[in-house]
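**Q** Pasting in a structure now, in structure tokens, and then I'll have a few things to ask.
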Amino acid sequence: MAFTSYTYQVFLSFRGEDTRKNFTDHLYSALSKAGIVTFRDDNSIQRGENIELEIENAIQESQMSVVVLSKDYASSTWCLDELVMIMDRKRTAGHIVLPVFYDVDPSQVGEQTGNYAEAFAKHQDHFQDDMERVEKWKATLKEVAYLGGMVLQDRHESQFIGDIVEEVGKRLDSTVLLAPYIDWHRYRLLVKKTKMIVYILFIICYSIFVGLFLYKFICTWIFVQSKFGNGLHRAGTDQEFVMEFLHSTGTKKNIDMGIKIMCSLVLAFCLS
């Protein structure tokens, strides 16, 4: 799908207390350097009554989501609600989801064992009147765990981040990395300026086309008047001289060719 359909290419989901100042921050920087426009909640959005709507809009305006599943991801009800929105978007609109398992095994996420089991024990106590919400969180985690994502294992973080950026590039539309390591906003500005230049050139070509057409019309009118007009058919008149000059130099033929070329340019611009 074309990039122009989205505001962001990647929505970055993570638990701030776990990875905001280390892994996620480095991943965000790497994505940005690769020219991938990424949304992350870096506290620029204040927690309030509209935050859920703003996050949902950001997910809808993103081509894909990268979900950093850390050890304590499930302890955050905010992260779990965010993940539900992401997976709902995947089911309804084909949203791309890439799970990243950071210091946690996919089976631990899917089966809710270890830290995830402890987190859900607390959720069940806290949400006794809303167990349907808790079960939805569990089902969503199980679904995302078996999507097939990136697992840290024994790799260095720098290598892991590089692999993630490469995988993101593969899953996104091919236009994402047209200009690697160039700010995507600058690229879009360049495209906008290019379109403006093309538009100006079109105006210039159109003006030349109109000018040539009028010139041919005037020359034709003079020729007709010189041949058939009253008192204007004598040899040696200025009008005949102009037409004879045009015929002798091939200018009239060049004008016809120029008009045909301009017509082709105008038609091509309108169809593009």
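In the structure tokens, the first chain shown is A, the next is B, and so on; residue numbers restart at 1 for each chain, and ligands run from 1 in the order shown.
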Give me, as a tab-separated table, the closest atom pair and its distance (Å, one decimal) for every residue of segment 4-91 of chain A within a cut-off of 10 Å of segment 122-129 of chain A, counting only C-alpha atoms, rows sorted by chain and rising number.
**A**
residue	atom	partner	partner_atom	distance
A:Ala74	CA	A:His123	CA	9.4
A:Ser75	CA	A:His123	CA	8.1
A:Ser76	CA	A:His123	CA	9.5
A:Thr77	CA	A:His123	CA	8.3
**Q** For the residues in the current selection, export N, CA and C atoms as an mmCIF file, in the first residue's frame.
**A**
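File selection34.cif, as written:
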data_model
loop_
_atom_site.group_PDB
_atom_site.id
_atom_site.type_symbol
_atom_site.label_atom_id
_atom_site.label_comp_id
_atom_site.auth_asym_id
_atom_site.auth_seq_id
_atom_site.Cartn_x
_atom_site.Cartn_y
_atom_site.Cartn_z
ATOM 1 N N ALA A 74 3.328 -7.406 30.388
ATOM 2 C CA ALA A 74 1.960 -7.773 30.777
ATOM 3 C C ALA A 74 1.519 -7.134 32.083
ATOM 4 N N SER A 75 2.449 -6.562 32.838
ATOM 5 C CA SER A 75 2.062 -5.927 34.098
ATOM 6 C C SER A 75 1.387 -4.577 33.869
ATOM 7 N N SER A 76 1.515 -4.050 32.658
ATOM 8 C CA SER A 76 0.914 -2.752 32.319
ATOM 9 C C SER A 76 -0.424 -2.957 31.617
ATOM 10 N N THR A 77 -1.510 -2.552 32.262
ATOM 11 C CA THR A 77 -2.829 -2.658 31.625
ATOM 12 C C THR A 77 -2.903 -1.734 30.406
#
**Q** Could you give me, as an mmCIF file with all heavy atoms, in the first residue's frame, the residues within 12 Å of Asp72 of chain A, counting only C-alpha atoms and dropping anything in the same chain fewer than 6 positions from it?
**A**
data_model
loop_
_atom_site.group_PDB
_atom_site.id
_atom_site.type_symbol
_atom_site.label_atom_id
_atom_site.label_comp_id
_atom_site.auth_asym_id
_atom_site.auth_seq_id
_atom_site.Cartn_x
_atom_site.Cartn_y
_atom_site.Cartn_z
ATOM 1 N N PHE A 14 5.621 -0.497 23.553
ATOM 2 C CA PHE A 14 6.600 -0.986 24.530
ATOM 3 C C PHE A 14 6.180 -0.542 25.934
ATOM 4 O O PHE A 14 5.367 0.371 26.097
ATOM 5 C CB PHE A 14 7.993 -0.419 24.220
ATOM 6 C CG PHE A 14 8.051 1.093 24.277
ATOM 7 C CD1 PHE A 14 8.507 1.747 25.409
ATOM 8 C CD2 PHE A 14 7.634 1.862 23.190
ATOM 9 C CE1 PHE A 14 8.546 3.147 25.474
ATOM 10 C CE2 PHE A 14 7.664 3.254 23.236
ATOM 11 C CZ PHE A 14 8.125 3.893 24.381
ATOM 12 N N ARG A 15 6.735 -1.201 26.933
ATOM 13 C CA ARG A 15 6.520 -0.786 28.312
ATOM 14 C C ARG A 15 7.652 0.147 28.698
ATOM 15 O O ARG A 15 8.811 -0.261 28.768
ATOM 16 C CB ARG A 15 6.474 -1.972 29.263
ATOM 17 C CG ARG A 15 6.078 -1.574 30.695
ATOM 18 C CD ARG A 15 5.906 -2.788 31.585
ATOM 19 N NE ARG A 15 5.394 -2.395 32.906
ATOM 20 C CZ ARG A 15 6.174 -2.074 33.940
ATOM 21 N NH1 ARG A 15 7.498 -2.116 33.803
ATOM 22 N NH2 ARG A 15 5.632 -1.726 35.097
ATOM 23 N N GLY A 16 7.313 1.397 28.960
ATOM 24 C CA GLY A 16 8.324 2.423 29.191
ATOM 25 C C GLY A 16 9.295 2.125 30.306
ATOM 26 O O GLY A 16 10.507 2.342 30.175
ATOM 27 N N GLU A 17 8.809 1.613 31.421
ATOM 28 C CA GLU A 17 9.675 1.361 32.568
ATOM 29 C C GLU A 17 10.722 0.295 32.265
ATOM 30 O O GLU A 17 11.784 0.270 32.886
ATOM 31 C CB GLU A 17 8.834 0.947 33.781
ATOM 32 C CG GLU A 17 7.933 2.057 34.308
ATOM 33 C CD GLU A 17 7.142 1.613 35.522
ATOM 34 O OE1 GLU A 17 7.540 0.613 36.160
ATOM 35 O OE2 GLU A 17 6.128 2.257 35.837
ATOM 36 N N ASP A 18 10.428 -0.576 31.324
ATOM 37 C CA ASP A 18 11.364 -1.669 30.983
ATOM 38 C C ASP A 18 12.448 -1.225 30.004
ATOM 39 O O ASP A 18 13.632 -1.520 30.193
ATOM 40 C CB ASP A 18 10.602 -2.847 30.366
ATOM 41 C CG ASP A 18 9.767 -3.589 31.398
ATOM 42 O OD1 ASP A 18 9.876 -3.265 32.591
ATOM 43 O OD2 ASP A 18 9.011 -4.487 30.996
ATOM 44 N N THR A 19 12.038 -0.557 28.934
ATOM 45 C CA THR A 19 12.969 -0.376 27.810
ATOM 46 C C THR A 19 13.050 1.039 27.251
ATOM 47 O O THR A 19 13.794 1.265 26.288
ATOM 48 C CB THR A 19 12.568 -1.312 26.648
ATOM 49 O OG1 THR A 19 11.256 -0.942 26.185
ATOM 50 C CG2 THR A 19 12.553 -2.770 27.092
ATOM 51 N N CYS A 79 -0.414 -1.142 28.292
ATOM 52 C CA CYS A 79 0.215 -1.866 27.177
ATOM 53 C C CYS A 79 -0.716 -2.948 26.642
ATOM 54 O O CYS A 79 -0.805 -3.163 25.426
ATOM 55 C CB CYS A 79 1.527 -2.497 27.631
ATOM 56 S SG CYS A 79 2.862 -1.313 27.909
ATOM 57 N N LEU A 80 -1.417 -3.631 27.542
ATOM 58 C CA LEU A 80 -2.313 -4.706 27.119
ATOM 59 C C LEU A 80 -3.485 -4.157 26.307
ATOM 60 O O LEU A 80 -3.868 -4.742 25.289
ATOM 61 C CB LEU A 80 -2.823 -5.477 28.342
ATOM 62 C CG LEU A 80 -1.749 -6.283 29.089
ATOM 63 C CD1 LEU A 80 -2.319 -6.842 30.383
ATOM 64 C CD2 LEU A 80 -1.200 -7.405 28.215
ATOM 65 N N PHE A 101 10.638 -10.082 20.910
ATOM 66 C CA PHE A 101 10.718 -10.690 22.235
ATOM 67 C C PHE A 101 12.065 -10.326 22.860
ATOM 68 O O PHE A 101 13.108 -10.876 22.487
ATOM 69 C CB PHE A 101 10.538 -12.206 22.122
ATOM 70 C CG PHE A 101 9.213 -12.593 21.518
ATOM 71 C CD1 PHE A 101 9.108 -12.835 20.153
ATOM 72 C CD2 PHE A 101 8.074 -12.696 22.313
ATOM 73 C CE1 PHE A 101 7.884 -13.176 19.589
ATOM 74 C CE2 PHE A 101 6.859 -13.043 21.752
ATOM 75 C CZ PHE A 101 6.758 -13.276 20.396
ATOM 76 N N TYR A 102 11.996 -9.386 23.801
ATOM 77 C CA TYR A 102 13.206 -8.848 24.419
ATOM 78 C C TYR A 102 13.378 -9.461 25.809
ATOM 79 O O TYR A 102 12.642 -9.141 26.735
ATOM 80 C CB TYR A 102 13.118 -7.325 24.510
ATOM 81 C CG TYR A 102 14.337 -6.676 25.131
ATOM 82 C CD1 TYR A 102 15.531 -6.583 24.415
ATOM 83 C CD2 TYR A 102 14.286 -6.169 26.427
ATOM 84 C CE1 TYR A 102 16.646 -5.983 24.980
ATOM 85 C CE2 TYR A 102 15.398 -5.565 26.998
ATOM 86 C CZ TYR A 102 16.575 -5.489 26.268
ATOM 87 O OH TYR A 102 17.686 -4.911 26.830
ATOM 88 N N ASP A 103 14.360 -10.354 25.927
ATOM 89 C CA ASP A 103 14.635 -11.049 27.194
ATOM 90 C C ASP A 103 13.424 -11.825 27.702
ATOM 91 O O ASP A 103 13.181 -11.908 28.913
ATOM 92 C CB ASP A 103 15.105 -10.059 28.268
ATOM 93 C CG ASP A 103 16.598 -9.756 28.135
ATOM 94 O OD1 ASP A 103 17.296 -10.528 27.449
ATOM 95 O OD2 ASP A 103 17.051 -8.754 28.707
ATOM 96 N N VAL A 104 12.629 -12.348 26.790
ATOM 97 C CA VAL A 104 11.482 -13.170 27.162
ATOM 98 C C VAL A 104 11.236 -14.172 26.036
ATOM 99 O O VAL A 104 11.452 -13.864 24.854
ATOM 100 C CB VAL A 104 10.230 -12.295 27.410
ATOM 101 C CG1 VAL A 104 9.773 -11.619 26.129
ATOM 102 C CG2 VAL A 104 9.115 -13.096 28.031
ATOM 103 N N GLN A 108 6.537 -18.080 26.870
ATOM 104 C CA GLN A 108 6.181 -17.429 28.134
ATOM 105 C C GLN A 108 5.091 -16.389 27.920
ATOM 106 O O GLN A 108 4.207 -16.219 28.757
ATOM 107 C CB GLN A 108 7.427 -16.761 28.730
ATOM 108 C CG GLN A 108 7.219 -16.147 30.109
ATOM 109 C CD GLN A 108 8.499 -15.549 30.679
ATOM 110 O OE1 GLN A 108 9.599 -15.876 30.230
ATOM 111 N NE2 GLN A 108 8.350 -14.657 31.644
ATOM 112 N N VAL A 109 5.160 -15.718 26.767
ATOM 113 C CA VAL A 109 4.137 -14.724 26.429
ATOM 114 C C VAL A 109 2.823 -15.407 26.075
ATOM 115 O O VAL A 109 1.751 -15.028 26.555
ATOM 116 C CB VAL A 109 4.606 -13.837 25.257
ATOM 117 C CG1 VAL A 109 3.506 -12.867 24.843
ATOM 118 C CG2 VAL A 109 5.877 -13.084 25.635
ATOM 119 N N GLN A 112 1.460 -17.414 29.116
ATOM 120 C CA GLN A 112 1.428 -16.586 30.327
ATOM 121 C C GLN A 112 2.046 -17.324 31.526
ATOM 122 O O GLN A 112 1.389 -17.621 32.535
ATOM 123 C CB GLN A 112 0.011 -16.129 30.670
ATOM 124 C CG GLN A 112 -0.522 -15.045 29.753
ATOM 125 C CD GLN A 112 -1.393 -15.607 28.631
ATOM 126 O OE1 GLN A 112 -2.370 -16.290 28.914
ATOM 127 N NE2 GLN A 112 -1.066 -15.319 27.390
ATOM 128 N N THR A 113 3.325 -17.615 31.400
ATOM 129 C CA THR A 113 4.071 -18.230 32.492
ATOM 130 C C THR A 113 5.115 -17.240 32.998
ATOM 131 O O THR A 113 5.342 -16.183 32.401
ATOM 132 C CB THR A 113 4.769 -19.522 32.016
ATOM 133 O OG1 THR A 113 5.678 -19.196 30.944
ATOM 134 C CG2 THR A 113 3.749 -20.538 31.536
ATOM 135 N N GLY A 114 5.773 -17.567 34.107
ATOM 136 C CA GLY A 114 6.807 -16.703 34.659
ATOM 137 C C GLY A 114 6.253 -15.351 35.074
ATOM 138 O O GLY A 114 5.231 -15.252 35.762
ATOM 139 N N ASN A 115 6.933 -14.284 34.645
ATOM 140 C CA ASN A 115 6.500 -12.916 34.987
ATOM 141 C C ASN A 115 5.089 -12.624 34.478
ATOM 142 O O ASN A 115 4.342 -11.859 35.104
ATOM 143 C CB ASN A 115 7.473 -11.898 34.396
ATOM 144 C CG ASN A 115 8.793 -11.859 35.128
ATOM 145 O OD1 ASN A 115 9.171 -12.837 35.761
ATOM 146 N ND2 ASN A 115 9.492 -10.735 35.049
ATOM 147 N N TYR A 116 4.739 -13.236 33.357
ATOM 148 C CA TYR A 116 3.411 -12.999 32.785
ATOM 149 C C TYR A 116 2.326 -13.645 33.649
ATOM 150 O O TYR A 116 1.221 -13.100 33.784
ATOM 151 C CB TYR A 116 3.365 -13.521 31.344
ATOM 152 C CG TYR A 116 3.987 -12.571 30.345
ATOM 153 C CD1 TYR A 116 5.365 -12.305 30.364
ATOM 154 C CD2 TYR A 116 3.234 -11.897 29.400
ATOM 155 C CE1 TYR A 116 5.948 -11.425 29.471
ATOM 156 C CE2 TYR A 116 3.795 -11.016 28.500
ATOM 157 C CZ TYR A 116 5.166 -10.781 28.542
ATOM 158 O OH TYR A 116 5.744 -9.891 27.652
ATOM 159 N N ALA A 117 2.639 -14.789 34.236
ATOM 160 C CA ALA A 117 1.679 -15.438 35.143
ATOM 161 C C ALA A 117 1.473 -14.589 36.393
ATOM 162 O O ALA A 117 0.335 -14.426 36.870
ATOM 163 C CB ALA A 117 2.192 -16.827 35.520
ATOM 164 N N GLU A 118 2.559 -14.027 36.918
ATOM 165 C CA GLU A 118 2.467 -13.171 38.101
ATOM 166 C C GLU A 118 1.634 -11.922 37.802
ATOM 167 O O GLU A 118 0.825 -11.491 38.626
ATOM 168 C CB GLU A 118 3.867 -12.775 38.561
ATOM 169 C CG GLU A 118 4.717 -13.951 39.050
ATOM 170 C CD GLU A 118 6.141 -13.531 39.379
ATOM 171 O OE1 GLU A 118 6.407 -12.303 39.388
ATOM 172 O OE2 GLU A 118 6.979 -14.408 39.621
ATOM 173 N N ALA A 119 1.857 -11.365 36.619
ATOM 174 C CA ALA A 119 1.120 -10.157 36.249
ATOM 175 C C ALA A 119 -0.372 -10.439 36.155
ATOM 176 O O ALA A 119 -1.201 -9.647 36.628
ATOM 177 C CB ALA A 119 1.645 -9.620 34.917
ATOM 178 N N PHE A 120 -0.736 -11.567 35.553
ATOM 179 C CA PHE A 120 -2.161 -11.877 35.384
ATOM 180 C C PHE A 120 -2.820 -12.304 36.683
ATOM 181 O O PHE A 120 -4.043 -12.144 36.846
ATOM 182 C CB PHE A 120 -2.357 -12.929 34.294
ATOM 183 C CG PHE A 120 -2.472 -12.321 32.929
ATOM 184 C CD1 PHE A 120 -1.373 -12.258 32.088
ATOM 185 C CD2 PHE A 120 -3.670 -11.780 32.496
ATOM 186 C CE1 PHE A 120 -1.469 -11.669 30.833
ATOM 187 C CE2 PHE A 120 -3.787 -11.195 31.247
ATOM 188 C CZ PHE A 120 -2.677 -11.136 30.407
#
**Q** Could you tell me how far atom CA of Val165 of chain A sits from atom CA of Leu31 of chain A, in Å to one decimal place?
**A**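 Straight-line distance from atom CA of Leu31 of chain A to atom CA of Val165 of chain A works out to 6.1 Å.
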**Q** Taking the chain letters and numbering used in this document, name the residues of segment 44-100 of chain A that DSSP puts in alpha helix (DSSP H), as an MDAnalysis selection string.
**A** chainID A and resid 51:60 77:93
**Q** Neighbouring residues of Leu152 of chain A were defined as those with any atom within 12 Å, considering only C-alpha atoms; residues of the same chain fewer than 3 positions away were excluded. Please report them as a ChimeraX atom specification.
**A** /A:23,68-70,99-106,149,155-164
**Q** Running DSSP on the backbone, which parts of segment 5-212 of chain A land in strand (DSSP E or B), as a tab-separated table (two decimals) with all heavy atoms, in the first residue's frame?
**A**
chain	number	residue	atom	x	y	z
A	8	TYR	N	2.32	7.54	9.72
A	8	TYR	CA	3.53	6.86	10.21
A	8	TYR	C	3.69	5.53	9.49
A	8	TYR	O	2.73	4.93	9.04
A	8	TYR	CB	3.44	6.61	11.72
A	8	TYR	CG	3.06	7.82	12.53
A	8	TYR	CD1	1.75	8.01	12.98
A	8	TYR	CD2	4.00	8.80	12.84
A	8	TYR	CE1	1.40	9.14	13.70
A	8	TYR	CE2	3.66	9.92	13.57
A	8	TYR	CZ	2.35	10.09	13.99
A	8	TYR	OH	2.00	11.20	14.71
A	9	GLN	N	4.93	5.08	9.45
A	9	GLN	CA	5.19	3.76	8.90
A	9	GLN	C	5.21	2.69	9.99
A	9	GLN	O	4.86	1.55	9.75
A	9	GLN	CB	6.50	3.77	8.11
A	9	GLN	CG	6.41	4.62	6.85
A	9	GLN	CD	7.77	4.98	6.32
A	9	GLN	OE1	8.45	5.84	6.87
A	9	GLN	NE2	8.19	4.34	5.25
A	10	VAL	N	5.65	3.09	11.18
A	10	VAL	CA	5.74	2.15	12.30
A	10	VAL	C	5.17	2.77	13.57
A	10	VAL	O	5.46	3.92	13.89
A	10	VAL	CB	7.20	1.73	12.55
A	10	VAL	CG1	7.33	0.92	13.85
A	10	VAL	CG2	7.74	0.91	11.38
A	11	PHE	N	4.34	1.99	14.26
A	11	PHE	CA	3.89	2.34	15.61
A	11	PHE	C	4.67	1.46	16.57
A	11	PHE	O	4.64	0.23	16.47
A	11	PHE	CB	2.38	2.09	15.77
A	11	PHE	CG	1.87	2.38	17.15
A	11	PHE	CD1	1.39	3.64	17.47
A	11	PHE	CD2	1.87	1.40	18.13
A	11	PHE	CE1	0.92	3.92	18.75
A	11	PHE	CE2	1.39	1.66	19.40
A	11	PHE	CZ	0.92	2.92	19.72
A	12	LEU	N	5.37	2.08	17.50
A	12	LEU	CA	6.24	1.35	18.42
A	12	LEU	C	5.52	1.18	19.76
A	12	LEU	O	5.23	2.15	20.46
A	12	LEU	CB	7.54	2.12	18.60
A	12	LEU	CG	8.74	1.38	19.21
A	12	LEU	CD1	9.04	0.11	18.44
A	12	LEU	CD2	9.96	2.30	19.22
A	13	SER	N	5.24	-0.07	20.10
A	13	SER	CA	4.56	-0.39	21.36
A	13	SER	C	5.56	-1.01	22.33
A	13	SER	O	6.27	-1.96	21.98
A	13	SER	CB	3.40	-1.36	21.11
A	13	SER	OG	2.80	-1.75	22.34
A	38	THR	N	8.49	6.80	12.54
A	38	THR	CA	8.02	5.95	13.63
A	38	THR	C	7.34	6.78	14.71
A	38	THR	O	7.83	7.84	15.10
A	38	THR	CB	9.21	5.20	14.26
A	38	THR	OG1	9.90	4.47	13.24
A	38	THR	CG2	8.75	4.23	15.34
A	39	PHE	N	6.20	6.27	15.19
A	39	PHE	CA	5.49	6.89	16.31
A	39	PHE	C	5.83	6.14	17.59
A	39	PHE	O	5.80	4.92	17.64
A	39	PHE	CB	3.98	6.83	16.09
A	39	PHE	CG	3.19	7.37	17.27
A	39	PHE	CD1	2.82	8.70	17.32
A	39	PHE	CD2	2.85	6.55	18.34
A	39	PHE	CE1	2.11	9.20	18.40
A	39	PHE	CE2	2.14	7.04	19.43
A	39	PHE	CZ	1.77	8.36	19.46
A	40	ARG	N	6.16	6.91	18.61
A	40	ARG	CA	6.31	6.31	19.94
A	40	ARG	C	5.76	7.29	20.96
A	40	ARG	O	5.86	8.51	20.79
A	40	ARG	CB	7.77	5.98	20.25
A	40	ARG	CG	8.66	7.19	20.46
A	40	ARG	CD	10.01	6.81	21.04
A	40	ARG	NE	10.89	7.97	21.11
A	40	ARG	CZ	12.12	7.93	21.61
A	40	ARG	NH1	12.61	6.79	22.08
A	40	ARG	NH2	12.87	9.02	21.63
A	62	SER	N	-0.75	4.22	11.15
A	62	SER	CA	0.54	3.56	10.96
A	62	SER	C	0.39	2.33	10.05
A	62	SER	O	-0.61	1.62	10.13
A	62	SER	CB	1.14	3.13	12.30
A	62	SER	OG	1.32	4.24	13.15
A	63	GLN	N	1.39	2.09	9.24
A	63	GLN	CA	1.34	0.95	8.32
A	63	GLN	C	1.59	-0.36	9.06
A	63	GLN	O	1.04	-1.40	8.68
A	63	GLN	CB	2.38	1.13	7.21
A	63	GLN	CG	2.26	0.11	6.09
A	63	GLN	CD	3.16	0.44	4.92
A	63	GLN	OE1	3.77	1.50	4.88
A	63	GLN	NE2	3.24	-0.44	3.95
A	64	MET	N	2.40	-0.32	10.11
A	64	MET	CA	2.66	-1.53	10.87
A	64	MET	C	2.99	-1.18	12.32
A	64	MET	O	3.25	-0.02	12.63
A	64	MET	CB	3.82	-2.34	10.25
A	64	MET	CG	5.19	-1.75	10.46
A	64	MET	SD	6.52	-2.84	9.83
A	64	MET	CE	6.46	-4.21	10.99
A	65	SER	N	2.97	-2.18	13.18
A	65	SER	CA	3.35	-2.00	14.59
A	65	SER	C	4.49	-2.94	14.93
A	65	SER	O	4.50	-4.09	14.50
A	65	SER	CB	2.15	-2.29	15.51
A	65	SER	OG	1.18	-1.28	15.42
A	66	VAL	N	5.44	-2.43	15.69
A	66	VAL	CA	6.50	-3.24	16.27
A	66	VAL	C	6.24	-3.28	17.77
A	66	VAL	O	6.26	-2.25	18.44
A	66	VAL	CB	7.90	-2.65	15.98
A	66	VAL	CG1	8.97	-3.44	16.72
A	66	VAL	CG2	8.17	-2.65	14.48
A	67	VAL	N	5.96	-4.48	18.28
A	67	VAL	CA	5.60	-4.64	19.69
A	67	VAL	C	6.78	-5.23	20.44
A	67	VAL	O	7.17	-6.38	20.20
A	67	VAL	CB	4.36	-5.56	19.84
A	67	VAL	CG1	3.95	-5.65	21.31
A	67	VAL	CG2	3.21	-5.05	18.98
A	68	VAL	N	7.37	-4.45	21.33
A	68	VAL	CA	8.50	-4.91	22.13
A	68	VAL	C	7.96	-5.58	23.39
A	68	VAL	O	7.53	-4.92	24.34
A	68	VAL	CB	9.45	-3.75	22.50
A	68	VAL	CG1	10.63	-4.27	23.32
A	68	VAL	CG2	9.94	-3.03	21.24
A	69	LEU	N	7.96	-6.90	23.39
A	69	LEU	CA	7.43	-7.68	24.51
A	69	LEU	C	8.56	-7.97	25.48
A	69	LEU	O	9.39	-8.86	25.26
A	69	LEU	CB	6.79	-8.97	24.00
A	69	LEU	CG	5.55	-8.75	23.13
A	69	LEU	CD1	5.32	-9.92	22.20
A	69	LEU	CD2	4.33	-8.50	24.01
A	96	ILE	N	0.11	-4.64	9.71
A	96	ILE	CA	1.26	-5.54	9.88
A	96	ILE	C	1.74	-5.46	11.32
A	96	ILE	O	1.89	-4.37	11.88
A	96	ILE	CB	2.41	-5.15	8.93
A	96	ILE	CG1	1.92	-5.11	7.49
A	96	ILE	CG2	3.57	-6.12	9.07
A	96	ILE	CD1	2.90	-4.48	6.53
A	97	VAL	N	2.00	-6.60	11.93
A	97	VAL	CA	2.46	-6.65	13.33
A	97	VAL	C	3.73	-7.48	13.41
A	97	VAL	O	3.76	-8.63	12.96
A	97	VAL	CB	1.39	-7.23	14.26
A	97	VAL	CG1	1.90	-7.26	15.70
A	97	VAL	CG2	0.09	-6.43	14.17
A	98	LEU	N	4.78	-6.90	13.99
A	98	LEU	CA	6.04	-7.61	14.20
A	98	LEU	C	6.33	-7.67	15.70
A	98	LEU	O	6.69	-6.66	16.31
A	98	LEU	CB	7.19	-6.89	13.49
A	98	LEU	CG	8.59	-7.48	13.72
A	98	LEU	CD1	8.66	-8.90	13.15
A	98	LEU	CD2	9.66	-6.59	13.09
A	99	PRO	N	6.17	-8.84	16.33
A	99	PRO	CA	6.51	-8.97	17.75
A	99	PRO	C	8.03	-9.06	17.93
A	99	PRO	O	8.70	-9.74	17.16
A	99	PRO	CB	5.83	-10.28	18.16
A	99	PRO	CG	4.97	-10.70	17.00
A	99	PRO	CD	5.58	-10.07	15.79
A	100	VAL	N	8.52	-8.37	18.93
A	100	VAL	CA	9.94	-8.42	19.28
A	100	VAL	C	10.03	-8.91	20.72
A	100	VAL	O	9.54	-8.26	21.64
A	100	VAL	CB	10.60	-7.04	19.13
A	100	VAL	CG1	12.03	-7.07	19.68
A	100	VAL	CG2	10.60	-6.59	17.68
A	101	PHE	N	10.64	-10.08	20.91
A	101	PHE	CA	10.72	-10.69	22.24
A	101	PHE	C	12.06	-10.33	22.86
A	101	PHE	O	13.11	-10.88	22.49
A	101	PHE	CB	10.54	-12.21	22.12
A	101	PHE	CG	9.21	-12.59	21.52
A	101	PHE	CD1	9.11	-12.84	20.15
A	101	PHE	CD2	8.07	-12.70	22.31
A	101	PHE	CE1	7.88	-13.18	19.59
A	101	PHE	CE2	6.86	-13.04	21.75
A	101	PHE	CZ	6.76	-13.28	20.40
A	150	MET	N	10.71	-11.57	16.21
A	150	MET	CA	12.16	-11.50	16.41
A	150	MET	C	12.46	-11.81	17.88
A	150	MET	O	11.86	-11.21	18.77
A	150	MET	CB	12.68	-10.11	16.05
A	150	MET	CG	12.22	-9.60	14.70
A	150	MET	SD	13.06	-10.36	13.31
A	150	MET	CE	14.71	-9.71	13.51
A	151	VAL	N	13.41	-12.73	18.11
A	151	VAL	CA	13.78	-13.13	19.47
A	151	VAL	C	15.24	-12.77	19.71
A	151	VAL	O	16.11	-13.08	18.88
A	151	VAL	CB	13.56	-14.65	19.68
A	151	VAL	CG1	13.84	-15.02	21.14
A	151	VAL	CG2	12.14	-15.04	19.29
**Q** Point out the residue among A:Tyr73, A:Phe209, A:Tyr6, A:Trp78 with the least atom-to-atom distance to Val37 of chain A, counting only C-alpha atoms.
**A**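 The shortest atom-to-atom distance to Val37 of chain A comes from A:Tyr6.
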**Q** Can you work out the spacing between atom CA of Trp137 of chain A and atom CA of Val84 of chain A in Å, to one decimal?
**A**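 Straight-line distance from atom CA of Trp137 of chain A to atom CA of Val84 of chain A works out to 6.9 Å.
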**Q** Given the choices A:Asp130, A:Asp81, A:Glu61, A:Glu143, which gets closest to Ser107 of chain A if the distance is worked out from only C-alpha atoms?
**A** A:Glu143
**Q** Applying 8 Å and only C-alpha atoms, which residues near segment 139-142 of chain A remain after dropping the ones on its own chain fewer than 4 positions away? List them as a PyMOL selection string.
**A** chain A and resi 83-84+87+109-111+135+146
**Q** For the residues in that selection, give me N, CA, C and O atoms as a compact mmCIF listing (two decimals), in the first residue's frame.
**A**
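Okay, again17.txt is ready:
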# COMPACT_ATOMS: atom_id res chain seq x y z
N LEU A 83 -2.16 -3.28 22.94
CA LEU A 83 -1.95 -4.48 22.13
C LEU A 83 -3.26 -4.99 21.55
O LEU A 83 -3.31 -5.45 20.40
N VAL A 84 -4.33 -4.91 22.32
CA VAL A 84 -5.65 -5.31 21.82
C VAL A 84 -6.06 -4.45 20.63
O VAL A 84 -6.55 -4.97 19.62
N MET A 87 -3.97 -5.56 17.54
CA MET A 87 -4.40 -6.83 16.94
C MET A 87 -5.78 -6.71 16.30
O MET A 87 -6.07 -7.37 15.30
N VAL A 109 5.16 -15.72 26.77
CA VAL A 109 4.14 -14.72 26.43
C VAL A 109 2.82 -15.41 26.07
O VAL A 109 1.75 -15.03 26.56
N GLY A 110 2.91 -16.45 25.24
CA GLY A 110 1.70 -17.11 24.77
C GLY A 110 0.97 -17.89 25.84
O GLY A 110 -0.27 -17.87 25.89
N GLU A 111 1.71 -18.55 26.71
CA GLU A 111 1.09 -19.38 27.74
C GLU A 111 0.96 -18.65 29.07
O GLU A 111 0.44 -19.20 30.04
N GLU A 135 -9.53 -11.89 30.08
CA GLU A 135 -9.47 -13.01 29.14
C GLU A 135 -9.11 -12.53 27.74
O GLU A 135 -8.42 -13.24 26.99
N TYR A 146 2.39 -16.15 18.67
CA TYR A 146 2.57 -17.16 17.62
C TYR A 146 2.49 -16.56 16.21
O TYR A 146 2.29 -17.28 15.24
**Q** Please measure the separation of atom CA of Glu167 of chain A and atom CA of Asp25 of chain A, giving the value in Å to one decimal.
**A**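 Separation between atom CA of Glu167 of chain A and atom CA of Asp25 of chain A: 17.9 Å.
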**Q** Quick one: of A:Gln60, A:Trp221, A:Leu53, A:Leu147, who's nearest to His95 of chain A, counting only C-alpha atoms?
**A**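 Of A:Gln60, A:Trp221, A:Leu53, A:Leu147, the one nearest His95 of chain A is A:Gln60, counting only C-alpha atoms.
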